[in-house]
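File shown here: input.tsv, holding TSV, N, CA and C atoms.
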chain	number	residue	atom	x	y	z
A	1	MET	N	-50.67	63.89	105.97
A	1	MET	CA	-50.04	64.64	107.05
A	1	MET	C	-50.73	66.00	107.18
A	2	LYS	N	-51.15	66.33	108.39
A	2	LYS	CA	-51.82	67.60	108.63
A	2	LYS	C	-50.80	68.72	108.77
A	3	LYS	N	-51.20	69.91	108.27
A	3	LYS	CA	-50.36	71.09	108.41
A	3	LYS	C	-50.41	71.60	109.84
A	4	GLN	N	-49.27	72.06	110.32
A	4	GLN	CA	-49.19	72.73	111.62
A	4	GLN	C	-50.05	73.98	111.57
A	5	GLY	N	-50.57	74.42	112.71
A	5	GLY	CA	-51.40	75.62	112.73
A	5	GLY	C	-51.12	76.50	113.94
A	6	TYR	N	-51.02	77.79	113.70
A	6	TYR	CA	-50.78	78.78	114.74
A	6	TYR	C	-51.76	79.94	114.58
A	7	ILE	N	-52.13	80.55	115.68
A	7	ILE	CA	-52.80	81.85	115.64
A	7	ILE	C	-51.83	82.83	116.29
A	8	TYR	N	-51.96	84.08	115.88
A	8	TYR	CA	-51.07	85.09	116.44
A	8	TYR	C	-51.79	86.43	116.51
A	9	ILE	N	-51.31	87.28	117.42
A	9	ILE	CA	-51.82	88.64	117.52
A	9	ILE	C	-50.63	89.58	117.41
A	10	LEU	N	-50.72	90.50	116.45
A	10	LEU	CA	-49.72	91.54	116.28
A	10	LEU	C	-50.26	92.85	116.80
A	11	PHE	N	-49.35	93.75	117.18
A	11	PHE	CA	-49.76	95.09	117.62
A	11	PHE	C	-48.75	96.10	117.11
A	12	ASN	N	-49.13	97.39	117.14
A	12	ASN	CA	-48.17	98.43	116.77
A	12	ASN	C	-47.77	99.27	117.99
A	13	THR	N	-48.70	99.56	118.87
A	13	THR	CA	-48.43	100.32	120.10
A	13	THR	C	-49.06	99.55	121.26
A	14	PRO	N	-48.31	99.29	122.33
A	14	PRO	CA	-48.88	98.52	123.45
A	14	PRO	C	-50.19	99.11	123.99
A	15	LYS	N	-51.15	98.24	124.20
A	15	LYS	CA	-52.43	98.50	124.86
A	15	LYS	C	-53.38	99.42	124.10
A	16	THR	N	-52.88	100.47	123.46
A	16	THR	CA	-53.78	101.45	122.85
A	16	THR	C	-53.79	101.42	121.33
A	17	GLY	N	-52.85	100.72	120.72
A	17	GLY	CA	-52.72	100.72	119.27
A	17	GLY	C	-53.59	99.69	118.59
A	18	ALA	N	-53.35	99.54	117.31
A	18	ALA	CA	-54.09	98.59	116.49
A	18	ALA	C	-53.63	97.16	116.77
A	19	LEU	N	-54.58	96.24	116.65
A	19	LEU	CA	-54.31	94.81	116.83
A	19	LEU	C	-54.68	94.07	115.55
A	20	TYR	N	-53.99	92.98	115.30
A	20	TYR	CA	-54.30	92.13	114.15
A	20	TYR	C	-54.22	90.68	114.60
A	21	VAL	N	-55.27	89.92	114.30
A	21	VAL	CA	-55.30	88.49	114.62
A	21	VAL	C	-55.17	87.72	113.31
A	22	GLY	N	-54.22	86.78	113.27
A	22	GLY	CA	-54.01	86.01	112.06
A	22	GLY	C	-53.81	84.54	112.35
A	23	VAL	N	-53.80	83.76	111.27
A	23	VAL	CA	-53.57	82.32	111.35
A	23	VAL	C	-52.54	81.95	110.29
A	24	THR	N	-51.72	80.95	110.60
A	24	THR	CA	-50.68	80.54	109.66
A	24	THR	C	-50.23	79.11	109.96
A	25	SER	N	-49.60	78.51	108.97
A	25	SER	CA	-48.99	77.20	109.19
A	25	SER	C	-47.49	77.32	109.45
A	26	ASN	N	-46.95	78.54	109.26
A	26	ASN	CA	-45.52	78.77	109.48
A	26	ASN	C	-45.36	80.13	110.18
A	27	LEU	N	-45.32	80.11	111.49
A	27	LEU	CA	-45.31	81.34	112.29
A	27	LEU	C	-44.08	82.20	112.02
A	28	VAL	N	-42.91	81.61	111.96
A	28	VAL	CA	-41.68	82.36	111.75
A	28	VAL	C	-41.73	83.10	110.41
A	29	LYS	N	-42.11	82.39	109.37
A	29	LYS	CA	-42.18	82.99	108.04
A	29	LYS	C	-43.21	84.12	107.99
A	30	ARG	N	-44.36	83.88	108.57
A	30	ARG	CA	-45.44	84.87	108.51
A	30	ARG	C	-45.09	86.14	109.28
A	31	VAL	N	-44.54	86.00	110.47
A	31	VAL	CA	-44.15	87.18	111.25
A	31	VAL	C	-43.05	87.95	110.51
A	32	HIS	N	-42.12	87.24	109.92
A	32	HIS	CA	-41.08	87.89	109.12
A	32	HIS	C	-41.71	88.70	107.98
A	33	GLU	N	-42.68	88.14	107.31
A	33	GLU	CA	-43.36	88.85	106.21
A	33	GLU	C	-44.02	90.13	106.72
A	34	HIS	N	-44.64	90.08	107.88
A	34	HIS	CA	-45.24	91.29	108.45
A	34	HIS	C	-44.16	92.31	108.80
A	35	LYS	N	-43.08	91.87	109.42
A	35	LYS	CA	-42.02	92.80	109.83
A	35	LYS	C	-41.36	93.48	108.63
A	36	GLU	N	-41.22	92.76	107.55
A	36	GLU	CA	-40.57	93.31	106.36
A	36	GLU	C	-41.57	94.01	105.42
A	37	LYS	N	-42.83	94.10	105.85
A	37	LYS	CA	-43.88	94.78	105.07
A	37	LYS	C	-44.06	94.14	103.69
A	38	LEU	N	-43.98	92.82	103.64
A	38	LEU	CA	-44.13	92.09	102.40
A	38	LEU	C	-45.58	91.77	102.07
A	39	ILE	N	-46.47	92.04	103.03
A	39	ILE	CA	-47.89	91.74	102.86
A	39	ILE	C	-48.66	93.05	102.80
A	40	ASP	N	-49.29	93.30	101.65
A	40	ASP	CA	-50.11	94.50	101.53
A	40	ASP	C	-51.36	94.34	102.38
A	41	GLY	N	-51.86	95.46	102.88
A	41	GLY	CA	-53.10	95.42	103.65
A	41	GLY	C	-52.99	96.12	104.97
A	42	PHE	N	-53.86	95.73	105.88
A	42	PHE	CA	-54.05	96.38	107.18
A	42	PHE	C	-52.75	96.51	107.97
A	43	THR	N	-52.00	95.41	108.09
A	43	THR	CA	-50.79	95.45	108.92
A	43	THR	C	-49.72	96.35	108.32
A	44	LYS	N	-49.64	96.40	107.02
A	44	LYS	CA	-48.65	97.27	106.37
A	44	LYS	C	-49.06	98.74	106.51
A	45	VAL	N	-50.33	99.03	106.28
A	45	VAL	CA	-50.83	100.41	106.36
A	45	VAL	C	-50.64	100.98	107.76
A	46	TYR	N	-50.93	100.19	108.79
A	46	TYR	CA	-50.89	100.67	110.17
A	46	TYR	C	-49.61	100.27	110.92
A	47	ASP	N	-48.62	99.78	110.19
A	47	ASP	CA	-47.32	99.43	110.78
A	47	ASP	C	-47.47	98.49	111.98
A	48	ILE	N	-48.25	97.45	111.79
A	48	ILE	CA	-48.50	96.47	112.84
A	48	ILE	C	-47.53	95.31	112.63
A	49	ASP	N	-46.48	95.25	113.44
A	49	ASP	CA	-45.46	94.25	113.19
A	49	ASP	C	-44.82	93.67	114.45
A	50	LYS	N	-45.41	93.90	115.60
A	50	LYS	CA	-44.87	93.35	116.85
A	50	LYS	C	-45.74	92.17	117.29
A	51	LEU	N	-45.10	91.05	117.53
A	51	LEU	CA	-45.81	89.84	117.94
A	51	LEU	C	-46.09	89.90	119.43
A	52	GLY	N	-47.36	89.99	119.78
A	52	GLY	CA	-47.75	90.08	121.19
A	52	GLY	C	-48.19	88.78	121.79
A	53	TYR	N	-48.67	87.87	120.93
A	53	TYR	CA	-49.25	86.62	121.44
A	53	TYR	C	-49.26	85.61	120.30
A	54	TYR	N	-49.07	84.34	120.64
A	54	TYR	CA	-49.26	83.28	119.66
A	54	TYR	C	-49.61	81.98	120.38
A	55	GLU	N	-50.28	81.12	119.65
A	55	GLU	CA	-50.64	79.79	120.16
A	55	GLU	C	-50.34	78.75	119.10
A	56	ASP	N	-49.78	77.65	119.51
A	56	ASP	CA	-49.64	76.49	118.65
A	56	ASP	C	-50.93	75.69	118.82
A	57	CYS	N	-51.73	75.64	117.78
A	57	CYS	CA	-53.04	74.98	117.85
A	57	CYS	C	-52.98	73.53	117.36
A	58	GLY	N	-51.81	73.06	117.00
A	58	GLY	CA	-51.66	71.68	116.57
A	58	GLY	C	-51.79	71.51	115.08
A	59	ASP	N	-52.95	71.85	114.54
A	59	ASP	CA	-53.16	71.74	113.10
A	59	ASP	C	-53.91	72.97	112.59
A	60	ILE	N	-53.88	73.15	111.28
A	60	ILE	CA	-54.42	74.36	110.68
A	60	ILE	C	-55.94	74.48	110.88
A	61	GLU	N	-56.66	73.38	110.88
A	61	GLU	CA	-58.10	73.44	111.09
A	61	GLU	C	-58.44	73.96	112.49
A	62	SER	N	-57.72	73.49	113.49
A	62	SER	CA	-57.92	73.97	114.86
A	62	SER	C	-57.52	75.44	114.99
A	63	ALA	N	-56.47	75.83	114.27
A	63	ALA	CA	-56.03	77.22	114.31
A	63	ALA	C	-57.07	78.14	113.70
A	64	ILE	N	-57.69	77.73	112.62
A	64	ILE	CA	-58.73	78.54	111.99
A	64	ILE	C	-59.92	78.71	112.92
A	65	LYS	N	-60.30	77.65	113.60
A	65	LYS	CA	-61.41	77.74	114.58
A	65	LYS	C	-61.05	78.69	115.72
A	66	ARG	N	-59.82	78.58	116.22
A	66	ARG	CA	-59.39	79.44	117.32
A	66	ARG	C	-59.31	80.90	116.86
A	67	GLU	N	-58.84	81.13	115.65
A	67	GLU	CA	-58.77	82.49	115.12
A	67	GLU	C	-60.17	83.12	115.08
A	68	LYS	N	-61.15	82.37	114.61
A	68	LYS	CA	-62.53	82.88	114.56
A	68	LYS	C	-63.04	83.19	115.96
A	69	GLN	N	-62.70	82.35	116.92
A	69	GLN	CA	-63.11	82.58	118.30
A	69	GLN	C	-62.51	83.88	118.84
A	70	ILE	N	-61.22	84.08	118.60
A	70	ILE	CA	-60.55	85.28	119.09
A	70	ILE	C	-61.08	86.52	118.37
A	71	LYS	N	-61.22	86.44	117.06
A	71	LYS	CA	-61.73	87.58	116.30
A	71	LYS	C	-63.15	87.94	116.71
A	72	GLY	N	-63.91	86.96	117.17
A	72	GLY	CA	-65.28	87.20	117.62
A	72	GLY	C	-65.36	87.85	118.99
A	73	GLY	N	-64.26	87.87	119.69
A	73	GLY	CA	-64.23	88.48	121.02
A	73	GLY	C	-64.03	89.98	120.93
A	74	SER	N	-64.09	90.60	122.07
A	74	SER	CA	-63.93	92.06	122.13
A	74	SER	C	-62.44	92.43	122.09
A	75	ARG	N	-62.20	93.71	121.88
A	75	ARG	CA	-60.83	94.23	121.94
A	75	ARG	C	-60.24	93.96	123.32
A	76	LYS	N	-61.05	94.15	124.36
A	76	LYS	CA	-60.59	93.90	125.72
A	76	LYS	C	-60.16	92.45	125.89
A	77	ASP	N	-60.91	91.51	125.30
A	77	ASP	CA	-60.54	90.09	125.37
A	77	ASP	C	-59.17	89.85	124.73
A	78	LYS	N	-58.93	90.49	123.61
A	78	LYS	CA	-57.64	90.34	122.92
A	78	LYS	C	-56.51	90.92	123.77
A	79	ILE	N	-56.74	92.08	124.33
A	79	ILE	CA	-55.74	92.71	125.20
A	79	ILE	C	-55.46	91.82	126.42
A	80	ASN	N	-56.50	91.29	127.02
A	80	ASN	CA	-56.32	90.40	128.17
A	80	ASN	C	-55.55	89.14	127.79
A	81	LEU	N	-55.80	88.62	126.60
A	81	LEU	CA	-55.09	87.44	126.13
A	81	LEU	C	-53.60	87.74	126.00
A	82	ILE	N	-53.26	88.87	125.39
A	82	ILE	CA	-51.85	89.26	125.28
A	82	ILE	C	-51.24	89.41	126.67
A	83	GLN	N	-51.92	90.16	127.53
A	83	GLN	CA	-51.37	90.44	128.86
A	83	GLN	C	-51.25	89.19	129.73
A	84	SER	N	-52.02	88.16	129.44
A	84	SER	CA	-51.96	86.93	130.24
A	84	SER	C	-50.61	86.23	130.10
A	85	VAL	N	-49.95	86.40	128.96
A	85	VAL	CA	-48.64	85.77	128.75
A	85	VAL	C	-47.53	86.77	128.48
A	86	ASN	N	-47.91	88.02	128.24
A	86	ASN	CA	-46.94	89.03	127.85
A	86	ASN	C	-47.31	90.37	128.48
A	87	PRO	N	-47.25	90.47	129.82
A	87	PRO	CA	-47.73	91.67	130.50
A	87	PRO	C	-46.95	92.94	130.17
A	88	ASN	N	-45.72	92.80	129.71
A	88	ASN	CA	-44.91	93.98	129.35
A	88	ASN	C	-45.02	94.34	127.88
A	89	TRP	N	-45.81	93.62	127.15
A	89	TRP	CA	-46.01	93.87	125.72
A	89	TRP	C	-44.69	93.87	124.95
A	90	ASN	N	-43.87	92.88	125.24
A	90	ASN	CA	-42.64	92.70	124.48
A	90	ASN	C	-42.96	92.16	123.10
A	91	ASP	N	-42.07	92.40	122.16
A	91	ASP	CA	-42.20	91.82	120.83
A	91	ASP	C	-41.68	90.38	120.91
A	92	LEU	N	-42.58	89.42	120.89
A	92	LEU	CA	-42.21	88.01	121.08
A	92	LEU	C	-41.52	87.41	119.86
A	93	SER	N	-41.45	88.17	118.78
A	93	SER	CA	-40.78	87.64	117.59
A	93	SER	C	-39.30	87.36	117.90
A	94	ASN	N	-38.73	88.09	118.84
A	94	ASN	CA	-37.35	87.82	119.24
A	94	ASN	C	-37.18	86.41	119.80
A	95	ASP	N	-38.26	85.87	120.36
A	95	ASP	CA	-38.22	84.51	120.93
A	95	ASP	C	-38.34	83.42	119.88
A	96	ILE	N	-38.93	83.74	118.73
A	96	ILE	CA	-39.16	82.69	117.72
A	96	ILE	C	-38.16	82.72	116.58
A	97	PHE	N	-37.43	83.82	116.43
A	97	PHE	CA	-36.44	83.90	115.34
A	97	PHE	C	-35.12	83.32	115.79
Could the structure of this file be written out as structure tokens, please?
Amino acid sequence: MKKQGYIYILFNTPKTGALYVGVTSNLVKRVHEHKEKLIDGFTKVYDIDKLGYYEDCGDIESAIKREKQIKGGSRKDKINLIQSVNPNWNDLSNDIF
């Protein structure tokens, strides 16, 4: 059985703040970990805990490929991706919890 796979983009301040692109097999758990500052590193240091975008990629291998594609793009590409589904920069974690 293949693991489910998601990519997600977190932000701290709409449009101008820091962005973080990640991959996970459990989106709800992972976003919760970021919100509760349970993960040391970039997102904890810069208080990046708002879910701006996510994709269900089907399986973890596809999610890893998609994450690399997004990370390889420009900041503008990431912002456009968020705005394509979330123009008001709402915290989408409210939709998944």
### Task
Quick one: pick out all strand (DSSP E) residues within segment 5-88 of chain A from a backbone DSSP run and write them as a list in words.
Tyr6, Ile7, Tyr8, Ile9, Leu10, Phe11, Leu19, Tyr20, Val21, Gly22, Val23, Thr24, Lys50, Leu51, Gly52, Tyr53, Tyr54, Glu55 and Asp56 of chain A
Using only N, CA and C atoms, which residues sit within 6 Å of Leu19 of chain A once same-chain residues fewer than 3 positions away are excluded, as a list in words?
Leu10, Phe11 and Asn12 of chain A
- Query: Closest to Ser25 of chain A among A:Thr43, A:Asn86, A:Asn80, A:Gln4, using all atoms listed in the file?
  - Reply: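 Of all the options, A:Gln4 lies closest to Ser25 of chain A.
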**Message:** List the spatial neighbours of segment 51-55 of chain A as a list of chain:residue names - criterion: any atom at most 6.5 Å away, all atoms listed in the file, same-chain residues fewer than 6 positions off excluded.
**Reply:**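 The contact residues come out as A:Gly5, A:Tyr6, A:Ile7, A:Tyr8, A:Ile9, A:Leu10, A:Phe11, A:Leu81, A:Ile82, A:Asn86, A:Trp89, A:Asn90, A:Asp91, A:Leu92, A:Ser93.
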| request: From the DSSP assignment of the backbone, select every residue of chain A that is alpha helix (DSSP H), and format the answer as number ranges by chain. | output: A: 27-35, 42-45, 60-71, 75-85, 93-96
Between A:Lys2, A:Ser84, A:Lys44, A:His34, which residue has the minimum interatomic distance to Gly58 of chain A, considering only N, CA and C atoms?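 When distances to Gly58 of chain A are compared using only N, CA and C atoms, the smallest one comes from A:Lys2.
If you measure from each of A:Lys71, A:Thr13, A:Val21, A:Gln83 to Asp49 of chain A using all atoms listed in the file, the closest one turns out to be A:Thr13.
Closest to His32 of chain A among A:Phe97, A:Lys78, A:Ile60, A:Lys3 is A:Phe97, based on only C-alpha atoms.
Computed from the coordinates, the atom CA of Ile64 of chain A to atom CA of Val23 of chain A distance equals 6.4 Å.
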| query | Rounded to one decimal in Å, what is the spacing between atom CA of Asn94 of chain A and atom CA of Gly72 of chain A? | reply |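 Between atom CA of Asn94 of chain A and atom CA of Gly72 of chain A the gap works out to 28.0 Å.
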Separating atom CA of Asp47 of chain A from atom N of Arg30 of chain A, to the nearest tenth of an Å, is a gap of 16.0 Å
Starting from the incomplete input, reconstruct all heavy atoms of segment 3-14 of chain A and write that as a CSV table (one decimal), in the frame of the given file.
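Generated output (result-v5.csv):
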chain,number,residue,atom,x,y,z
A,3,LYS,N,-51.2,69.9,108.3
A,3,LYS,CA,-50.4,71.1,108.4
A,3,LYS,C,-50.4,71.6,109.8
A,3,LYS,O,-51.5,71.6,110.5
A,3,LYS,CB,-50.9,72.2,107.5
A,3,LYS,CG,-50.3,72.2,106.1
A,3,LYS,CD,-50.7,73.4,105.4
A,3,LYS,CE,-49.9,73.6,104.2
A,3,LYS,NZ,-50.2,74.9,103.5
A,4,GLN,N,-49.3,72.1,110.3
A,4,GLN,CA,-49.2,72.7,111.6
A,4,GLN,C,-50.0,74.0,111.6
A,4,GLN,O,-50.2,74.6,110.5
A,4,GLN,CB,-47.7,73.1,111.9
A,4,GLN,CG,-47.5,73.6,113.3
A,4,GLN,CD,-47.7,72.6,114.4
A,4,GLN,OE1,-47.5,71.4,114.2
A,4,GLN,NE2,-48.1,73.1,115.5
A,5,GLY,N,-50.6,74.4,112.7
A,5,GLY,CA,-51.4,75.6,112.7
A,5,GLY,C,-51.1,76.5,113.9
A,5,GLY,O,-51.0,76.0,115.1
A,6,TYR,N,-51.0,77.8,113.7
A,6,TYR,CA,-50.8,78.8,114.7
A,6,TYR,C,-51.8,79.9,114.6
A,6,TYR,O,-52.1,80.3,113.5
A,6,TYR,CB,-49.4,79.4,114.6
A,6,TYR,CG,-48.3,78.4,114.7
A,6,TYR,CD1,-47.8,77.8,113.6
A,6,TYR,CD2,-47.7,78.1,116.0
A,6,TYR,CE1,-46.7,76.9,113.7
A,6,TYR,CE2,-46.6,77.2,116.1
A,6,TYR,CZ,-46.2,76.6,114.9
A,6,TYR,OH,-45.1,75.7,115.0
A,7,ILE,N,-52.1,80.6,115.7
A,7,ILE,CA,-52.8,81.8,115.6
A,7,ILE,C,-51.8,82.8,116.3
A,7,ILE,O,-51.0,82.4,117.1
A,7,ILE,CB,-54.2,81.9,116.3
A,7,ILE,CG1,-54.1,81.6,117.8
A,7,ILE,CG2,-55.2,81.0,115.6
A,7,ILE,CD1,-54.0,82.8,118.7
A,8,TYR,N,-52.0,84.1,115.9
A,8,TYR,CA,-51.1,85.1,116.4
A,8,TYR,C,-51.8,86.4,116.5
A,8,TYR,O,-52.7,86.7,115.8
A,8,TYR,CB,-49.8,85.2,115.6
A,8,TYR,CG,-50.0,85.6,114.2
A,8,TYR,CD1,-49.9,86.9,113.8
A,8,TYR,CD2,-50.3,84.6,113.2
A,8,TYR,CE1,-50.1,87.3,112.4
A,8,TYR,CE2,-50.5,85.0,111.9
A,8,TYR,CZ,-50.4,86.3,111.5
A,8,TYR,OH,-50.6,86.6,110.2
A,9,ILE,N,-51.3,87.3,117.4
A,9,ILE,CA,-51.8,88.6,117.5
A,9,ILE,C,-50.6,89.6,117.4
A,9,ILE,O,-49.7,89.4,118.2
A,9,ILE,CB,-52.6,88.9,118.8
A,9,ILE,CG1,-53.7,87.9,119.0
A,9,ILE,CG2,-53.1,90.3,118.9
A,9,ILE,CD1,-54.4,88.0,120.4
A,10,LEU,N,-50.7,90.5,116.4
A,10,LEU,CA,-49.7,91.5,116.3
A,10,LEU,C,-50.3,92.8,116.8
A,10,LEU,O,-51.5,93.1,116.8
A,10,LEU,CB,-49.4,91.7,114.8
A,10,LEU,CG,-48.8,90.5,114.0
A,10,LEU,CD1,-48.7,90.9,112.6
A,10,LEU,CD2,-47.5,90.0,114.6
A,11,PHE,N,-49.4,93.8,117.2
A,11,PHE,CA,-49.8,95.1,117.6
A,11,PHE,C,-48.8,96.1,117.1
A,11,PHE,O,-47.6,95.7,116.7
A,11,PHE,CB,-49.9,95.1,119.1
A,11,PHE,CG,-48.6,95.0,119.9
A,11,PHE,CD1,-47.9,96.1,120.3
A,11,PHE,CD2,-48.1,93.7,120.2
A,11,PHE,CE1,-46.7,96.0,121.0
A,11,PHE,CE2,-46.9,93.6,120.9
A,11,PHE,CZ,-46.2,94.7,121.3
A,12,ASN,N,-49.1,97.4,117.1
A,12,ASN,CA,-48.2,98.4,116.8
A,12,ASN,C,-47.8,99.3,118.0
A,12,ASN,O,-46.6,99.6,118.1
A,12,ASN,CB,-48.7,99.3,115.6
A,12,ASN,CG,-50.0,100.0,115.9
A,12,ASN,OD1,-50.5,99.9,117.0
A,12,ASN,ND2,-50.5,100.7,114.9
A,13,THR,N,-48.7,99.6,118.9
A,13,THR,CA,-48.4,100.3,120.1
A,13,THR,C,-49.1,99.6,121.3
A,13,THR,O,-50.2,99.2,121.2
A,13,THR,CB,-49.1,101.7,120.0
A,13,THR,OG1,-48.6,102.4,118.8
A,13,THR,CG2,-48.7,102.6,121.2
A,14,PRO,N,-48.3,99.3,122.3
A,14,PRO,CA,-48.9,98.5,123.4
A,14,PRO,C,-50.2,99.1,124.0
A,14,PRO,O,-50.3,100.3,124.2
A,14,PRO,CB,-47.8,98.6,124.5
A,14,PRO,CG,-46.5,98.8,123.7
A,14,PRO,CD,-46.9,99.6,122.6
